[in-house]
>>> print(open('target_13.tsv').read())   # TSV, C-alpha atoms
chain	number	residue	atom	x	y	z
F	87	ASP	CA	-20.41	-23.60	12.46
F	88	GLY	CA	-23.11	-22.87	9.88
F	89	GLU	CA	-25.12	-19.76	9.09
F	90	THR	CA	-26.96	-19.58	12.43
F	91	HIS	CA	-23.97	-20.04	14.77
F	92	GLN	CA	-21.22	-17.68	13.72
F	93	GLY	CA	-18.15	-17.35	15.92
F	94	LEU	CA	-16.71	-14.47	13.93
F	95	TYR	CA	-18.11	-11.53	15.90
F	96	ASP	CA	-15.86	-12.01	18.92
F	97	MET	CA	-13.08	-9.56	18.12
F	98	GLY	CA	-15.41	-6.69	17.33
F	99	VAL	CA	-17.52	-7.31	20.43
F	100	LEU	CA	-14.58	-7.71	22.82
F	101	LEU	CA	-12.63	-4.73	21.49
F	102	SER	CA	-15.67	-2.49	21.90
F	103	VAL	CA	-15.64	-3.14	25.66
F	104	PRO	CA	-13.17	-0.84	27.47
F	105	ASN	CA	-10.26	-2.43	29.33
F	106	VAL	CA	-10.88	-6.01	28.25
F	107	HIS	CA	-7.57	-7.64	27.36
F	108	VAL	CA	-7.68	-9.86	24.27
F	109	TYR	CA	-5.29	-12.68	23.35
F	110	ALA	CA	-5.40	-14.66	20.08
F	111	PRO	CA	-3.11	-17.72	20.21
F	112	ALA	CA	-1.41	-18.91	17.05
F	113	THR	CA	-0.82	-22.51	18.19
F	114	GLY	CA	-2.21	-25.09	20.56
F	115	GLY	CA	0.84	-24.57	22.76
F	116	GLU	CA	0.13	-20.86	23.05
F	117	LEU	CA	-3.50	-21.54	23.90
F	118	LYS	CA	-2.54	-23.96	26.64
F	119	ALA	CA	0.13	-21.60	27.97
F	120	MET	CA	-2.30	-18.70	28.08
F	121	LEU	CA	-4.95	-20.70	29.92
F	122	GLN	CA	-2.34	-21.37	32.58
F	123	HIS	CA	-1.05	-17.79	32.55
F	124	MET	CA	-4.50	-16.26	32.96
F	125	GLN	CA	-5.14	-18.11	36.22
F	126	ASN	CA	-2.99	-15.53	38.01
F	127	TYR	CA	-3.58	-12.63	35.60
F	128	ASP	CA	-4.92	-9.69	37.57
F	129	GLU	CA	-4.25	-6.73	35.25
F	130	ALA	CA	-7.77	-6.76	33.80
F	131	THR	CA	-10.52	-9.02	32.52
F	132	ILE	CA	-8.97	-11.21	29.84
F	133	ALA	CA	-10.52	-12.98	26.88
F	134	VAL	CA	-8.70	-15.76	25.06
F	135	ARG	CA	-9.75	-16.79	21.59
F	136	PHE	CA	-10.22	-20.52	20.98
F	137	PRO	CA	-9.27	-21.02	17.33
F	138	LYS	CA	-11.23	-23.58	15.37
F	139	ALA	CA	-8.17	-25.30	13.97
F	140	ALA	CA	-6.13	-28.42	14.54
F	141	ALA	CA	-3.19	-28.33	16.96
F	142	GLU	CA	-0.01	-30.32	16.62
F	143	ARG	CA	0.37	-32.50	19.71
F	144	SER	CA	4.09	-31.70	19.79
F	145	SER	CA	3.25	-28.00	20.30
F	146	LEU	CA	1.72	-28.85	23.68
F	147	ASP	CA	4.90	-30.32	25.14
F	148	LYS	CA	7.11	-27.23	25.56
F	149	LEU	CA	4.93	-24.22	26.25
F	150	PRO	CA	6.04	-20.76	25.07
F	151	ASP	CA	6.24	-17.58	27.13
F	152	VAL	CA	2.99	-15.69	26.49
F	153	SER	CA	3.62	-12.76	28.81
F	154	SER	CA	5.34	-10.50	26.25
F	155	LYS	CA	3.04	-7.99	24.55
F	156	LYS	CA	5.38	-7.61	21.58
F	157	PRO	CA	4.34	-9.06	18.22
F	158	GLU	CA	6.38	-11.97	16.88
F	159	ILE	CA	8.67	-10.88	14.05
F	160	LEU	CA	9.74	-13.48	11.48
F	161	GLY	CA	11.95	-12.55	8.54
F	162	ARG	CA	13.62	-9.30	7.50
F	163	GLY	CA	11.98	-8.43	4.20
F	164	ARG	CA	11.30	-4.75	3.53
F	165	ASP	CA	8.93	-5.04	0.59
F	166	LEU	CA	5.92	-6.15	2.60
F	167	ALA	CA	4.83	-6.78	6.19
F	168	ILE	CA	2.32	-9.61	6.62
F	169	VAL	CA	0.32	-8.88	9.77
F	170	ALA	CA	-1.18	-12.17	10.96
F	171	VAL	CA	-3.63	-12.27	13.86
F	172	GLY	CA	-3.64	-15.50	15.88
F	173	VAL	CA	-3.82	-18.67	13.82
F	174	ALA	CA	-3.38	-16.72	10.57
F	175	ARG	CA	0.33	-17.00	11.35
F	176	GLU	CA	0.39	-20.39	9.61
F	177	ILE	CA	-0.91	-18.85	6.39
F	178	ALA	CA	1.52	-15.93	6.72
F	179	VAL	CA	4.59	-18.14	7.07
F	180	GLU	CA	3.63	-20.16	3.99
F	181	LEU	CA	2.85	-16.96	2.11
F	182	GLU	CA	6.26	-15.47	2.92
F	183	LYS	CA	7.96	-18.40	1.24
F	184	GLU	CA	5.62	-18.47	-1.75
F	185	ILE	CA	5.91	-14.79	-2.66
F	186	ARG	CA	9.67	-14.80	-2.10
F	187	ASN	CA	10.25	-17.75	-4.41
F	188	ARG	CA	7.57	-16.99	-6.98
F	189	LEU	CA	7.39	-13.20	-7.09
F	190	GLY	CA	10.66	-12.00	-5.58
F	191	ILE	CA	8.79	-10.14	-2.82
F	192	LEU	CA	10.76	-10.12	0.41
F	193	SER	CA	8.49	-9.88	3.42
F	194	THR	CA	8.33	-9.87	7.20
F	195	VAL	CA	5.69	-11.79	9.14
F	196	VAL	CA	4.30	-9.79	12.07
F	197	GLY	CA	2.47	-12.25	14.28
F	198	VAL	CA	-0.10	-10.65	16.60
F	199	ARG	CA	-1.16	-12.59	19.69
F	200	TRP	CA	-1.82	-9.87	22.22
F	201	VAL	CA	-4.35	-7.68	20.45
F	202	ARG	CA	-5.00	-5.53	23.52
F	203	PRO	CA	-2.86	-4.50	25.23
F	204	MET	CA	-0.04	-4.64	22.73
F	205	ASP	CA	3.42	-3.14	22.56
F	206	GLU	CA	2.33	-0.60	19.97
F	207	LYS	CA	5.81	0.84	19.50
F	208	ALA	CA	7.20	-2.57	18.55
F	209	PHE	CA	4.27	-3.09	16.17
F	210	GLN	CA	4.73	0.29	14.52
F	211	ASP	CA	8.50	-0.15	14.29
F	212	ALA	CA	7.99	-3.44	12.41
F	213	LEU	CA	5.60	-1.83	9.93
F	214	ALA	CA	7.88	1.19	9.48
F	215	GLU	CA	10.62	-1.12	8.19
F	216	CYS	CA	8.44	-2.20	5.24
F	217	ASP	CA	7.11	-0.41	2.18
F	218	ALA	CA	3.58	-1.79	2.58
F	219	PHE	CA	1.55	-4.21	4.68
F	220	ILE	CA	-1.40	-6.56	4.47
F	221	CYS	CA	-3.44	-8.16	7.25
F	222	ILE	CA	-4.73	-11.73	7.49
F	223	GLU	CA	-7.35	-12.72	10.06
F	224	ASP	CA	-10.16	-15.25	10.44
F	225	SER	CA	-12.73	-12.68	11.59
F	226	TYR	CA	-15.35	-10.55	9.88
F	227	ILE	CA	-13.49	-7.77	8.11
F	228	ASN	CA	-15.55	-5.00	9.74
F	229	SER	CA	-15.36	-6.65	13.17
F	230	SER	CA	-11.69	-7.53	13.25
F	231	ALA	CA	-8.58	-6.99	15.29
F	232	SER	CA	-6.91	-5.78	12.09
F	233	LEU	CA	-9.37	-2.91	11.82
F	234	TYR	CA	-8.81	-2.02	15.47
F	235	LEU	CA	-5.00	-2.08	15.10
F	236	ARG	CA	-5.01	-0.04	11.90
F	237	GLY	CA	-7.10	2.60	13.64
F	238	ARG	CA	-4.31	3.09	16.19
F	239	LEU	CA	-1.57	3.65	13.62
F	240	PRO	CA	-0.16	7.05	12.65
F	241	ALA	CA	-1.55	8.23	9.31
F	242	GLU	CA	1.76	7.69	7.51
F	243	LEU	CA	1.87	4.02	8.49
F	244	SER	CA	-1.84	3.42	7.96
F	245	ALA	CA	-1.46	4.68	4.38
F	246	ARG	CA	0.85	1.73	3.64
F	247	HIS	CA	-2.02	-0.73	4.12
F	248	LEU	CA	-2.89	-2.57	0.91
F	249	LYS	CA	-5.64	-5.00	1.92
F	250	THR	CA	-7.07	-7.01	4.79
F	251	PHE	CA	-7.84	-10.63	4.02
F	252	ALA	CA	-10.77	-11.58	6.25
F	253	PHE	CA	-14.35	-12.79	5.97
F	254	ALA	CA	-16.96	-10.70	4.19
F	255	CYS	CA	-19.78	-9.45	6.43
F	256	GLU	CA	-22.35	-12.07	5.49
F	257	SER	CA	-23.62	-15.37	6.83
F	258	ILE	CA	-20.92	-17.96	6.19
F	259	PRO	CA	-22.28	-21.29	4.91
F	260	HIS	CA	-21.33	-24.56	6.57
F	261	GLY	CA	-18.18	-26.27	5.33
F	262	THR	CA	-14.77	-27.51	6.35
F	263	ARG	CA	-12.27	-24.92	7.53
F	264	PRO	CA	-10.00	-25.26	4.44
F	265	GLU	CA	-13.01	-24.99	2.11
F	266	ILE	CA	-14.35	-21.86	3.77
F	267	MET	CA	-10.95	-20.20	4.05
F	268	ALA	CA	-10.25	-20.80	0.36
F	269	GLU	CA	-13.70	-19.60	-0.70
F	270	TYR	CA	-13.15	-16.25	1.03
F	271	GLY	CA	-9.57	-15.79	-0.12
F	272	LEU	CA	-7.86	-16.55	3.18
F	273	CYS	CA	-5.29	-18.84	1.61
F	274	VAL	CA	-1.80	-18.61	0.17
F	275	GLU	CA	-2.95	-19.03	-3.42
F	276	ALA	CA	-5.50	-16.20	-3.38
F	277	ILE	CA	-3.24	-13.75	-1.55
F	278	THR	CA	-0.32	-14.52	-3.87
F	279	GLU	CA	-2.51	-13.85	-6.91
F	280	TYR	CA	-3.60	-10.52	-5.42
F	281	LEU	CA	0.00	-9.45	-4.80
F	282	GLU	CA	1.12	-10.61	-8.23
F	283	GLU	CA	-1.44	-8.28	-9.85
F	284	HIS	CA	-0.90	-5.34	-7.52
F	285	PRO	CA	0.85	-2.41	-9.24
F	286	GLN	CA	3.36	-2.14	-6.41
F	287	PHE	CA	4.70	-5.63	-7.08
F	288	ARG	CA	3.81	-6.41	-10.69
F	289	GLY	CA	6.88	-7.64	-12.54
F	290	LYS	CA	9.05	-7.39	-9.47
F	291	LEU	CA	12.33	-9.29	-9.71
F	292	HIS	CA	14.56	-7.72	-7.09
F	293	SER	CA	14.28	-6.13	-3.69
F	294	SER	CA	16.04	-3.31	-1.92
F	295	LEU	CA	16.56	-5.48	1.17
F	296	ALA	CA	20.07	-5.76	2.55
F	297	GLY	CA	20.19	-9.39	3.66
F	298	SER	CA	17.83	-12.31	3.43
F	299	SER	CA	14.16	-12.36	4.40
F	300	GLU	CA	14.01	-16.12	4.62
F	301	ILE	CA	12.20	-17.50	7.66
>>> encode(input="target_13.tsv", output="structure tokens")
Amino acid sequence: DGETHQGLYDMGVLLSVPNVHVYAPATGGELKAMLQHMQNYDEATIAVRFPKAAAERSSLDKLPDVSSKKPEILGRGRDLAIVAVGVAREIAVELEKEIRNRLGILSTVVGVRWVRPMDEKAFQDALAECDAFICIEDSYINSSASLYLRGRLPAELSARHLKTFAFACESIPHGTRPEIMAEYGLCVEAITEYLEEHPQFRGKLHSSLAGSSEI
């Protein structure tokens, strides 16, 4: 929205307020479903993030169930968990395919919609199945759901975190969404390059996974 109208503070602000429930839809269908669901939601005050991204019209026809607090788990790779908040799921799914085919890294996409409350056991169980994890989110890195979620992990799991791909804490210049995302490294190409150079995956050809990670 330009340097004077940033919409990237929302997660940090909302998560600093006690008892506010926060939902970050990954698709237009999930957004529509949540707007309907929240009409009768009486557990707490609820905030729903409106992603600045295009929605496929077909996703609005059959609405998903948005009541479950569990993260969405896609794939069975044990090398890496890709934690994707809201609309970052699209990047994560493309990334899973790219790093599997190009680098031999088998990964699991952990899609986070309900940021708070969340089924934390299901989230931690998903991360525990993988050797490491990264986070992808279109928020400021120091004001993000990823930072909040990492702070609630046991030390052993938190230590598996490699990097969070989010916006630097600076005024973001005006531009199209793809341009801005690419400039700040929130794209498949930039994340793949990072993983390719990371010591944990450099030269990797095989994985210890029993079974396929393919989504």
>>> closest_residue(input="target_13.tsv", among="F:Asp217, F:Glu184, F:Glu176, F:Glu158", to="Asp205 in chain F", atoms="only C-alpha atoms")
F:Glu158
>>> closest_residue(input="target_13.tsv", among="F:Asp224, F:His284, F:Thr278, F:Lys118", to="Glu182 in chain F", atoms="only C-alpha atoms")
F:Thr278
>>> closest_residue(input="target_13.tsv", among="F:Ala214, F:Ala110, F:Val152, F:Val179", to="Asp165 in chain F", atoms="all atoms listed in the file")
F:Ala214
>>> atom_distance(input="target_13.tsv", atom1="CA of Phe209 in chain F", atom2="CA of Pro137 in chain F")
22.5 Å
>>> residues_around(input="target_13.tsv", residues="range 123-128 of chain F", least_positions_apart="2", cutoff="12 Å", atoms="only C-alpha atoms", output="ChimeraX atom specification")
/F:106-109,116-121,130-134,149-154
>>> atom_distance(input="target_13.tsv", atom1="CA of Tyr234 in chain F", atom2="CA of Glu256 in chain F")
19.6 Å
>>> residues_around(input="target_13.tsv", residues="Ala208 in chain F", least_positions_apart="2", cutoff="12 Å", atoms="all atoms listed in the file", output="count of residues only")
19
>>> closest_residue(input="target_13.tsv", among="F:Arg199, F:Lys249, F:Arg164, F:Lys183", to="Arg236 in chain F", atoms="all atoms listed in the file")
F:Lys249
